[in-house]
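Here is the structure we will look at.
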Amino acid sequence: MYDNYETLKITRDRNILTVAFNRPELKNATNPLMHQEIIRVFREIGQDAETDVVILTGEGSAFSAGGDLAAMQKNLPNHVRWNESMMEARDILYAVVDLDKPVIAKVNGHAVGMGATVALFCDIIVANEKAKFADTHVNVGLVAGDGGSVIWPALIGFARAKKYLFTGKPITGKEAADIGLVTEAVPLEELDSTVNDIADTLAALPPV
């Protein structure tokens, strides 16, 4: 289990599994392979009796920069591939929401577009207070896709969500915590210990 992943780094500590986006040279931007691997890993976790808690994070300085723009531009003339990528985005969010184990987003750095959406769909979101969250689809002429138009209003209300989704304006982790977009924001040097404490608490509880 958890073999043959190219874009994800998967590690275990007892019954806590950490899944890290692993394209740090591209700020963990997603591409078709990463889409498919995220869907696959969450399905495998669902069948993993040894895992009770999941931590989702990013390698390097970013959580995820969202969609790989170069890959997206390359696929623009390919309508079949474009439609497939839209369905993959939907399937990623379903995979996270459907998992019957708590998922903690450890947002170590910027979370943009699809990256922000995946983080916000997690059960508990702990962010570096200086990390930035943004749904920037509007900057390339797209609506707040990938579930952003669902999760931002659900967390902070329509009035605030429209401001950020219509403008693409970024919000820091601290600001996000202050308005309830994320669970908690801490200095980067405290992020690991904060997330580990939450994960340990959850891991010690009855799993069913």
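Quick note on naming: the chains in the structure tokens go A, B, ... in the order shown, residues restart at 1 in each chain, and ligands are numbered from 1 in order of appearance.
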Inset, instruction - Determine, counting only C-alpha atoms, which protein, DNA and RNA residues have an atom within 10 Å of an atom of Met1 in chain A; residues of the same chain fewer than 2 positions away are not included. Present the result as an MDAnalysis selection string. - result: chainID A and resid 3:4 41 44:45 47:48
Inset, instruction - Select from range 45-204 of chain A everything DSSP, run on the backbone, classes as strand (DSSP E or B), then give the selection as a list in words. - result: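 Of range 45-204 of chain A, the ones in strand (DSSP E or B) are Val53, Val54, Ile55, Leu56, Thr57, Gly58, Ser64, Gly67, Val103, Ile104, Ala105, Lys106, Val107, Ala111, Val112, Ile124, Ile125, Val126, Ala127, Asn128, Lys132, Phe133, Ala134, Ile171, Thr172, Glu184, Ala185 and Val186 of chain A.
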Inset, instruction - Have a look at A:Leu142, A:Ile16, A:Ala111, A:Val118 and name the one nearest to Ala204 in chain A; count only C-alpha atoms. - result: A:Ile16
Inset, instruction - Go through range 19-119 of chain A and collect every residue that DSSP, computed from the backbone, puts in alpha helix (DSSP H); the answer should be as number ranges by chain. - result: A: 32-46, 69-75, 79-98, 114-119
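Minimum atom-to-atom distance to Val103 in chain A, evaluated using only C-alpha atoms, belongs to A:Phe42 out of A:Phe42, A:Trp152, A:Phe133, A:Phe63.
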Inset, instruction - Go through A:Lys101, A:Ala95, A:Met87, A:Gly180 one by one, measure the shortest atom-to-atom distance of each to Leu17 in chain A using only C-alpha atoms, and give the residue with the smallest value. - result: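 Looking only at the distances to Leu17 in chain A, the closest residue turns out to be A:Lys101.
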Legend entry - Selected residue of minimal separation from His137 in chain A among A:Thr167, A:Asn108, A:Thr51, A:Thr30, counting only C-alpha atoms: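 Going through A:Thr167, A:Asn108, A:Thr51, A:Thr30 one by one, the smallest distance to His137 in chain A is for A:Thr167.
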Inset, instruction - Have a look at A:Asn139, A:Asn196, A:Asn128, A:Thr201 and name the one nearest to Thr18 in chain A; count only C-alpha atoms. - result: A:Asn196
Inset, instruction - Figure out the distance between CA of Ile55 in chain A and CA of Ala20 in chain A, please, to one decimal in Å. - result: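 One can read the CA of Ala20 in chain A to CA of Ile55 in chain A distance as 8.2 Å.
Residues within 12 Å of Val208 in chain A, counting only C-alpha atoms and excluding same-chain residues fewer than 5 positions away, are Ala49, Asp52, Val53, Asp100, Lys101, Pro102, Leu202 and Ala203 of chain A.
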Inset, instruction - May I ask which of the residues A:Ile125, A:Ala144, A:Met114, A:Ile151 is the closest one to Ala176 in chain A, counting only C-alpha atoms? - result: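 Among the listed residues, A:Ile125 lies closest to Ala176 in chain A.
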